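Following: one structure in structure tokens, then a few remarks.
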Amino acid sequence: MPTTEWVPTAEWIASDGAEEWNPTEESVRPVRGRHRVVKQRGGLARSSTVLGVGVIAAVGAGGIATAQDKPAVSISLPDTIADNLPDAESLPGVGSLISGDGSDEQGADDAAGAPLTAMSLATTTDTAEPVSAQQGTAGEALRARILQQAEQQQAKVEAEARAAAEKAAAESAAAEAKKQQTEAEAKAAEVQRKAEEAAEAARLAELAASYSLPTSSYTLTSTFGEAGSMWSSGYHTGLDFAAPTGTPAKAVHGGTVKSAGWSGAYGYRVVLELEDGSEVWYCHLSSMTVGAGQEVGTGDTIGRVGATGNVTGPHLHLEVHTPSGEGVDPAAWLRDKGLSV
């Protein structure tokens, strides 16, 4: 690949009474063919020194040279170029920097021995912040940001955990309160049930004290509602207490004898009207010991068991009618009064 080589010529321009070397565009010509590498000899040190001093002079005269952010490059010149360079004393602003004493020459030699890259590196190091320091600052900032995000995430997790724990505690407390309330309600219901049972037992006891079974030493043979051809209505309308003839028939409760006499298929019958208007019929009696309009009390004998009327054997046929005249089951009615049959 062809390359371009800069070859200065000896053109001099008078400036302020001194000769100045000024390369022009005509001094630069392309070089074709292979590039010849010239072996550096002792003259290279002087040429490098002169060039370095020229750079310093340019900076001192107001030029701008910056090496920040760019690596320094070492420049070497062939001997052909070094032979045509002017003396350093003839360059404006440079000759005054070089004196005739030994110290200046020693300084010049030291400068000549030092490459241009070292000078540039020194300038760059003195004026720019080290890259490692910048990287360290950026790394610390990134690390601080990561730590801050981690702390925020940890705080969020802890807050969520606290909220979940508080919710679980509230739910547990609500469940416990509901359980206690349910247990309290169950206990209250149990207490109320027992109280109601006690009250009912007391009522039944009181009723039992005021009510009595119609006879004793009996056997139940027919119940209320049984179907059969023996009854004109097609079903049994009362409760039969089978007992020997002459067994006493007693008033189940205090009341007034509404009627007492013969009643066809019922045989001898006594109708006892109670205070609430209900009626108790005693049928198939062998005899009657009370008359109409007579007041009786609980347990008073009003007749005796017999087999009069439409019967198959001695028994007491007992019927119960409501104040409206409707017939009801005597067994249920007696149980409601606290009596067991």
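Each chain in the structure tokens gets a letter, A, B, ..., in the order shown, and its residues are numbered from 1; ligands are numbered from 1 in order too.
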Quiz item: Among stretch 133-248 of chain A, which ones does DSSP place in strand (DSSP E or B), written as JSON, numbers by chain?
Solution: {"A": [219, 220, 227, 235, 239, 240, 241, 242, 248]}
Write the residues of the selection above to a file with all heavy atoms, as a PDB file, in the first residue's frame.
```
ATOM      1  N   THR A 219    -106.366 -52.022  81.525  1.00  0.00           N
ATOM      2  CA  THR A 219    -105.584 -52.374  80.325  1.00  0.00           C
ATOM      3  C   THR A 219    -106.200 -51.654  79.136  1.00  0.00           C
ATOM      4  O   THR A 219    -107.431 -51.734  78.926  1.00  0.00           O
ATOM      5  CB  THR A 219    -105.614 -53.893  80.087  1.00  0.00           C
ATOM      6  OG1 THR A 219    -105.044 -54.564  81.215  1.00  0.00           O
ATOM      7  CG2 THR A 219    -104.829 -54.261  78.840  1.00  0.00           C
ATOM      8  N   LEU A 220    -105.366 -50.987  78.369  1.00  0.00           N
ATOM      9  CA  LEU A 220    -105.847 -50.281  77.175  1.00  0.00           C
ATOM     10  C   LEU A 220    -106.097 -51.311  76.079  1.00  0.00           C
ATOM     11  O   LEU A 220    -105.206 -52.077  75.702  1.00  0.00           O
ATOM     12  CB  LEU A 220    -104.828 -49.242  76.707  1.00  0.00           C
ATOM     13  CG  LEU A 220    -104.578 -48.053  77.643  1.00  0.00           C
ATOM     14  CD1 LEU A 220    -103.512 -47.121  77.055  1.00  0.00           C
ATOM     15  CD2 LEU A 220    -105.857 -47.301  77.911  1.00  0.00           C
ATOM     16  N   ALA A 227    -109.902 -48.087  63.038  1.00  0.00           N
ATOM     17  CA  ALA A 227    -110.991 -48.374  62.098  1.00  0.00           C
ATOM     18  C   ALA A 227    -111.599 -49.744  62.422  1.00  0.00           C
ATOM     19  O   ALA A 227    -110.902 -50.662  62.850  1.00  0.00           O
ATOM     20  CB  ALA A 227    -110.465 -48.356  60.666  1.00  0.00           C
ATOM     21  N   TYR A 235    -114.851 -45.757  62.863  1.00  0.00           N
ATOM     22  CA  TYR A 235    -113.574 -45.734  63.592  1.00  0.00           C
ATOM     23  C   TYR A 235    -113.872 -45.504  65.069  1.00  0.00           C
ATOM     24  O   TYR A 235    -114.939 -44.999  65.434  1.00  0.00           O
ATOM     25  CB  TYR A 235    -112.621 -44.675  63.041  1.00  0.00           C
ATOM     26  CG  TYR A 235    -113.124 -43.255  63.211  1.00  0.00           C
ATOM     27  CD1 TYR A 235    -112.740 -42.489  64.328  1.00  0.00           C
ATOM     28  CD2 TYR A 235    -113.980 -42.675  62.276  1.00  0.00           C
ATOM     29  CE1 TYR A 235    -113.210 -41.204  64.488  1.00  0.00           C
ATOM     30  CE2 TYR A 235    -114.432 -41.385  62.435  1.00  0.00           C
ATOM     31  CZ  TYR A 235    -114.047 -40.649  63.538  1.00  0.00           C
ATOM     32  OH  TYR A 235    -114.521 -39.371  63.705  1.00  0.00           O
ATOM     33  N   LEU A 239    -111.008 -43.863  74.024  1.00  0.00           N
ATOM     34  CA  LEU A 239    -109.954 -44.717  74.568  1.00  0.00           C
ATOM     35  C   LEU A 239    -110.578 -45.678  75.562  1.00  0.00           C
ATOM     36  O   LEU A 239    -111.270 -45.235  76.504  1.00  0.00           O
ATOM     37  CB  LEU A 239    -108.893 -43.852  75.259  1.00  0.00           C
ATOM     38  CG  LEU A 239    -107.656 -44.563  75.798  1.00  0.00           C
ATOM     39  CD1 LEU A 239    -106.845 -45.182  74.663  1.00  0.00           C
ATOM     40  CD2 LEU A 239    -106.769 -43.566  76.580  1.00  0.00           C
ATOM     41  N   ASP A 240    -110.358 -46.979  75.380  1.00  0.00           N
ATOM     42  CA  ASP A 240    -110.987 -48.000  76.224  1.00  0.00           C
ATOM     43  C   ASP A 240    -110.043 -48.478  77.318  1.00  0.00           C
ATOM     44  O   ASP A 240    -108.898 -48.905  77.023  1.00  0.00           O
ATOM     45  CB  ASP A 240    -111.403 -49.211  75.375  1.00  0.00           C
ATOM     46  CG  ASP A 240    -112.603 -48.900  74.494  1.00  0.00           C
ATOM     47  OD1 ASP A 240    -113.220 -47.829  74.706  1.00  0.00           O
ATOM     48  OD2 ASP A 240    -112.890 -49.697  73.597  1.00  0.00           O
ATOM     49  N   PHE A 241    -110.521 -48.375  78.578  1.00  0.00           N
ATOM     50  CA  PHE A 241    -109.785 -48.876  79.737  1.00  0.00           C
ATOM     51  C   PHE A 241    -110.496 -50.171  80.198  1.00  0.00           C
ATOM     52  O   PHE A 241    -111.552 -50.113  80.849  1.00  0.00           O
ATOM     53  CB  PHE A 241    -109.793 -47.852  80.882  1.00  0.00           C
ATOM     54  CG  PHE A 241    -109.062 -46.576  80.571  1.00  0.00           C
ATOM     55  CD1 PHE A 241    -109.698 -45.565  79.840  1.00  0.00           C
ATOM     56  CD2 PHE A 241    -107.763 -46.377  81.023  1.00  0.00           C
ATOM     57  CE1 PHE A 241    -109.045 -44.382  79.583  1.00  0.00           C
ATOM     58  CE2 PHE A 241    -107.110 -45.184  80.764  1.00  0.00           C
ATOM     59  CZ  PHE A 241    -107.729 -44.180  80.022  1.00  0.00           C
ATOM     60  N   ALA A 242    -109.984 -51.319  79.837  1.00  0.00           N
ATOM     61  CA  ALA A 242    -110.617 -52.582  80.267  1.00  0.00           C
ATOM     62  C   ALA A 242    -110.322 -52.835  81.740  1.00  0.00           C
ATOM     63  O   ALA A 242    -109.151 -52.798  82.166  1.00  0.00           O
ATOM     64  CB  ALA A 242    -110.099 -53.737  79.407  1.00  0.00           C
ATOM     65  N   PRO A 248    -114.053 -48.395  90.291  1.00  0.00           N
ATOM     66  CA  PRO A 248    -114.480 -46.991  90.351  1.00  0.00           C
ATOM     67  C   PRO A 248    -114.006 -46.169  89.138  1.00  0.00           C
ATOM     68  O   PRO A 248    -112.868 -46.297  88.688  1.00  0.00           O
ATOM     69  CB  PRO A 248    -113.834 -46.475  91.638  1.00  0.00           C
ATOM     70  CG  PRO A 248    -113.610 -47.682  92.464  1.00  0.00           C
ATOM     71  CD  PRO A 248    -113.271 -48.778  91.489  1.00  0.00           C
TER      72      PRO A 248
END
```
Quiz prompt | Non-local contacts of A:Gly255 (6 Å; only C-alpha atoms; under 2 positions in same chain excluded) as an MDAnalysis selection string | solution = chainID A and resid 273:274 295:296
Take the residues that were just selected and, keeping C-alpha atoms, output them as an mmCIF file, in the first residue's frame.
```cif
data_model
loop_
_atom_site.group_PDB
_atom_site.id
_atom_site.type_symbol
_atom_site.label_atom_id
_atom_site.label_comp_id
_atom_site.auth_asym_id
_atom_site.auth_seq_id
_atom_site.Cartn_x
_atom_site.Cartn_y
_atom_site.Cartn_z
ATOM 1 C CA GLU A 273 -117.970 -30.389 81.877
ATOM 2 C CA LEU A 274 -114.663 -28.713 82.900
ATOM 3 C CA GLU A 295 -120.058 -30.265 91.279
ATOM 4 C CA VAL A 296 -117.210 -32.732 91.607
#
```
